[in-house]
Structures are given as C-alpha cells and as structure tokens.
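Report on the following structure.
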Amino acid sequence: MTDQKRIPQLRIITRLQWSHRSARLGYATLLTIAALTVSAGWWLPALGGLLALEGRPAHADAIVVLGGGFPLRDQHAIDLYREGWAREIWRTGDLPGGSVVLQKARRLALQQGVPETAFVPVATDSTWADGREIARMAQERHVRRLLIVTEWPHSRRAMCVINRHLAGTGVVAFYDGPRHPPYTPSNWWRDPEGRRIVSGEMLKTIYYLLRFGVTPWAC
C-alpha cells in the first residue's frame, strides 16, 4: 500500500477513535448528571450543612454583627441586645469614606432603643479583616466573650477566621444567626438568593483555604 493511500485510512481511523472517545465522554457526563440529580436530596442538604454552624446565643461582652446582610443580621443583633445578651453592638464593614449599610444599621439600632454609645462601628472590608479587627478591639476594650452574628452560609468560614485571629488571646467567640432565615441548609437550592449566596460562599471557602490556610472542617 502506498503512502498516499495509507494517509486517508489513518485519518478515518483517527476520526473513529475520537468519535468513540466523545461518545464515552458523553455517556459518562450523562451518567454523572443523572447520579447527581437522583442523589440531590442528599448532597444538596449536605453541602448546606458543611457551611452552617449551629447557632446558640450566649452572654457576652459585645454582640458583633458581620458586614453585609442588612437588615436580617442587624435586627437579630438588636433583638439579642434588648434581651440582655450583651451590653454593646459592634458592626463591621465601616468602609473608608463611610458605609451606607452601616449608617442604615446604626439608624435601625437607635430607632429601637440601642444607645448611640453602645453602637460601635468597626472598619473592615472583608471577613479576614473582620477577624483581625475584632481581635484587636477585644484586646483594646478588654472584653473576653463575643457573640458573633451572621447568616448561616457565612457562619463556618467567619468563625474559622475569627477564631484564628483570637487564638492565644483568651477571648471566646460564640455564634448565633437570625432565627427565621429565608432559606435553610435543607432547602437553600429552592431559593434564587440561596443559590447565589451558597455558591458564592463555597468559592470563598475554597479561596480562604488556598489564600489563608483556613480549613473549615477543622473549625
């Protein structure tokens, strides 16, 4: 057989090989999708459970509301304050030049009877900065117990970061989340906002693992 005849045959064989590989890949993809769909009732709640910590209020020197989540986080912090769980509220996310969200949080607190002197803004722009500044302020203000308020998708990463910064200080942090969240670890995927928040939190969890070595399963 001449080289000129052999080349078209080799091309046909190569195309057939690629066709078979593509078919196998397609079948594998379909099977994976089918398996994920069938098992969604297990792994979607498990994913939510991976992010969520169990909240419980505890008496503390200060309630710390982590930035974002207005007004759900702030209202819960105000409720805790009025129930007597702590004597002041710290609110992170006080950006340079002022934060619209923080000003709204302040107004909400004052409207519901929180004294202006009991509302303490904390200058931060990320969860990592939250942990750093919370630890610094705890030392500066001589507090020993903190009650952290955020929503459940953010709870594990936030507490991992905060506890990393508090290590060796003698300060203890507890977590509690809003009592009536719009979605829960067992149904978050049914809510458009839940899908957005949980997906973003998973990416941030991976980033914090790679960037800062924060391992959520060790918290």
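Order determines the names: the first chain of the structure tokens is A, the second B, and so forth; residues in each chain are numbered 1 upward, and ligands are numbered 1 upward as they are shown.
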
| query | DSSP says helix (DSSP H, G or I) for which residues of segment 52-187 of chain A? Put them as an MDAnalysis selection string? | reply | chainID A and resid 72:82 100:111 116:118 127:140 152:166

| field | Selection: 7 Å around segment 77-92 of chain A, only C-alpha atoms, excl. self and same-chain fewer than 6 positions, as an MDAnalysis selection string | value | chainID A and resid 58:67 109 118:124 130 149

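Across A:Ala129, A:Leu53, A:Gly48, A:Gly213, the tightest approach to Gly194 of chain A is made by A:Gly48 when counting only C-alpha atoms.
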
Write out as CSV the residues of segment 78-167 of chain A that have any atom within 10 Å of an atom of segment 179-192 of chain A, one row each with the nearest atom pair and its distance in Å to one decimal, counting only C-alpha atoms, sorted by chain and then rising number.
```
residue,atom,partner,partner_atom,distance
A:Glu151,CA,A:Pro181,CA,7.8
A:Trp152,CA,A:Thr184,CA,7.9
A:Pro153,CA,A:Pro185,CA,8.0
```

Please produce an output containing N, CA, C and O atoms for each residue in the selection, written as a tab-separated table (two decimals), in the first residue's frame.
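Written file, again31.tsv:
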```
chain	number	residue	atom	x	y	z
A	151	GLU	N	-25.25	35.26	58.91
A	151	GLU	CA	-26.18	34.25	58.42
A	151	GLU	C	-25.48	32.91	58.25
A	151	GLU	O	-24.27	32.85	58.08
A	152	TRP	N	-26.27	31.84	58.26
A	152	TRP	CA	-25.68	30.51	58.34
A	152	TRP	C	-24.72	30.17	57.20
A	152	TRP	O	-23.72	29.49	57.45
A	153	PRO	N	-24.94	30.58	55.92
A	153	PRO	CA	-23.95	30.20	54.90
A	153	PRO	C	-22.56	30.76	55.17
A	153	PRO	O	-21.56	30.19	54.74
```

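If you measure from each of A:Val114, A:Leu51, A:Leu44, A:Val171 to Lys204 of chain A using only C-alpha atoms, the closest one turns out to be A:Leu51.
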
| request: Would you please extract all strand (DSSP E or B) residues from chain A, as assigned by DSSP on the backbone, and give them as a PyMOL selection string? | output: chain A and resi 62-65+89-92+119-122+145-149+172-176

| Distance query Ala138 of chain A at most 9 Å, only C-alpha atoms, self and fewer than 5 positions along chain excluded, as a PyMOL selection string | chain A and resi 133+143-146+166+169+171

Write the selection just made, keeping all heavy atoms, as an mmCIF file, in the first residue's frame?
```
data_model
loop_
_atom_site.group_PDB
_atom_site.id
_atom_site.type_symbol
_atom_site.label_atom_id
_atom_site.label_comp_id
_atom_site.auth_asym_id
_atom_site.auth_seq_id
_atom_site.Cartn_x
_atom_site.Cartn_y
_atom_site.Cartn_z
ATOM 1 N N GLU A 133 -9.633 42.805 63.037
ATOM 2 C CA GLU A 133 -10.069 43.969 63.801
ATOM 3 C C GLU A 133 -10.856 43.571 65.049
ATOM 4 O O GLU A 133 -10.767 44.249 66.078
ATOM 5 C CB GLU A 133 -10.903 44.898 62.911
ATOM 6 C CG GLU A 133 -10.088 45.614 61.853
ATOM 7 C CD GLU A 133 -8.946 46.404 62.476
ATOM 8 O OE1 GLU A 133 -9.201 47.272 63.337
ATOM 9 O OE2 GLU A 133 -7.782 46.136 62.118
ATOM 10 N N VAL A 143 -12.391 42.923 76.488
ATOM 11 C CA VAL A 143 -13.556 42.026 76.530
ATOM 12 C C VAL A 143 -13.063 40.585 76.438
ATOM 13 O O VAL A 143 -11.992 40.310 75.891
ATOM 14 C CB VAL A 143 -14.565 42.338 75.408
ATOM 15 C CG1 VAL A 143 -14.993 43.792 75.438
ATOM 16 C CG2 VAL A 143 -14.002 41.980 74.042
ATOM 17 N N ARG A 144 -13.852 39.670 76.936
ATOM 18 C CA ARG A 144 -13.453 38.270 76.969
ATOM 19 C C ARG A 144 -14.440 37.340 76.272
ATOM 20 O O ARG A 144 -14.113 36.208 75.973
ATOM 21 C CB ARG A 144 -13.260 37.812 78.426
ATOM 22 C CG ARG A 144 -11.979 38.337 79.056
ATOM 23 C CD ARG A 144 -10.776 37.716 78.364
ATOM 24 N NE ARG A 144 -9.504 38.286 78.783
ATOM 25 C CZ ARG A 144 -8.862 39.215 78.124
ATOM 26 N NH1 ARG A 144 -9.363 39.704 77.006
ATOM 27 N NH2 ARG A 144 -7.702 39.680 78.552
ATOM 28 N N ARG A 145 -15.644 37.833 76.007
ATOM 29 C CA ARG A 145 -16.653 36.993 75.357
ATOM 30 C C ARG A 145 -17.359 37.804 74.266
ATOM 31 O O ARG A 145 -17.811 38.928 74.502
ATOM 32 C CB ARG A 145 -17.686 36.491 76.377
ATOM 33 C CG ARG A 145 -17.094 35.504 77.379
ATOM 34 C CD ARG A 145 -18.061 35.287 78.537
ATOM 35 N NE ARG A 145 -19.286 34.612 78.122
ATOM 36 C CZ ARG A 145 -19.449 33.293 78.086
ATOM 37 N NH1 ARG A 145 -18.431 32.497 78.429
ATOM 38 N NH2 ARG A 145 -20.595 32.755 77.744
ATOM 39 N N LEU A 146 -17.435 37.201 73.067
ATOM 40 C CA LEU A 146 -18.060 37.858 71.924
ATOM 41 C C LEU A 146 -19.143 36.952 71.354
ATOM 42 O O LEU A 146 -18.964 35.734 71.265
ATOM 43 C CB LEU A 146 -17.027 38.152 70.844
ATOM 44 C CG LEU A 146 -15.884 39.093 71.213
ATOM 45 C CD1 LEU A 146 -14.827 39.088 70.121
ATOM 46 C CD2 LEU A 146 -16.404 40.505 71.442
ATOM 47 N N LEU A 166 -8.272 35.126 67.097
ATOM 48 C CA LEU A 166 -8.399 35.178 68.557
ATOM 49 C C LEU A 166 -7.502 34.170 69.275
ATOM 50 O O LEU A 166 -7.386 34.220 70.500
ATOM 51 C CB LEU A 166 -9.856 34.915 68.967
ATOM 52 C CG LEU A 166 -10.886 35.995 68.620
ATOM 53 C CD1 LEU A 166 -12.279 35.545 69.051
ATOM 54 C CD2 LEU A 166 -10.532 37.327 69.287
ATOM 55 N N THR A 169 -5.477 34.650 72.694
ATOM 56 C CA THR A 169 -5.843 35.908 73.361
ATOM 57 C C THR A 169 -6.676 35.675 74.616
ATOM 58 O O THR A 169 -6.840 36.598 75.427
ATOM 59 C CB THR A 169 -6.651 36.811 72.414
ATOM 60 O OG1 THR A 169 -7.921 36.186 72.116
ATOM 61 C CG2 THR A 169 -5.886 37.061 71.120
ATOM 62 N N VAL A 171 -9.834 35.243 74.468
ATOM 63 C CA VAL A 171 -11.183 35.694 74.123
ATOM 64 C C VAL A 171 -11.950 34.538 73.496
ATOM 65 O O VAL A 171 -11.430 33.826 72.625
ATOM 66 C CB VAL A 171 -11.135 36.886 73.144
ATOM 67 C CG1 VAL A 171 -12.553 37.357 72.792
ATOM 68 C CG2 VAL A 171 -10.317 38.023 73.734
#
```

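In this comparison, which uses only C-alpha atoms, the residue of A:Leu110, A:Val161, A:Ala52, A:Val172 approaching Gln139 of chain A most closely is A:Val172.
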
| message | I'd like the contact shell of Leu50 of chain A - 12 Å cut-off, only C-alpha atoms, skipping same-chain residues fewer than 3 positions apart - returned as a PyMOL selection string. | response | chain A and resi 43-47+53-54+152-157+185-186+198+201-202+205+215-219
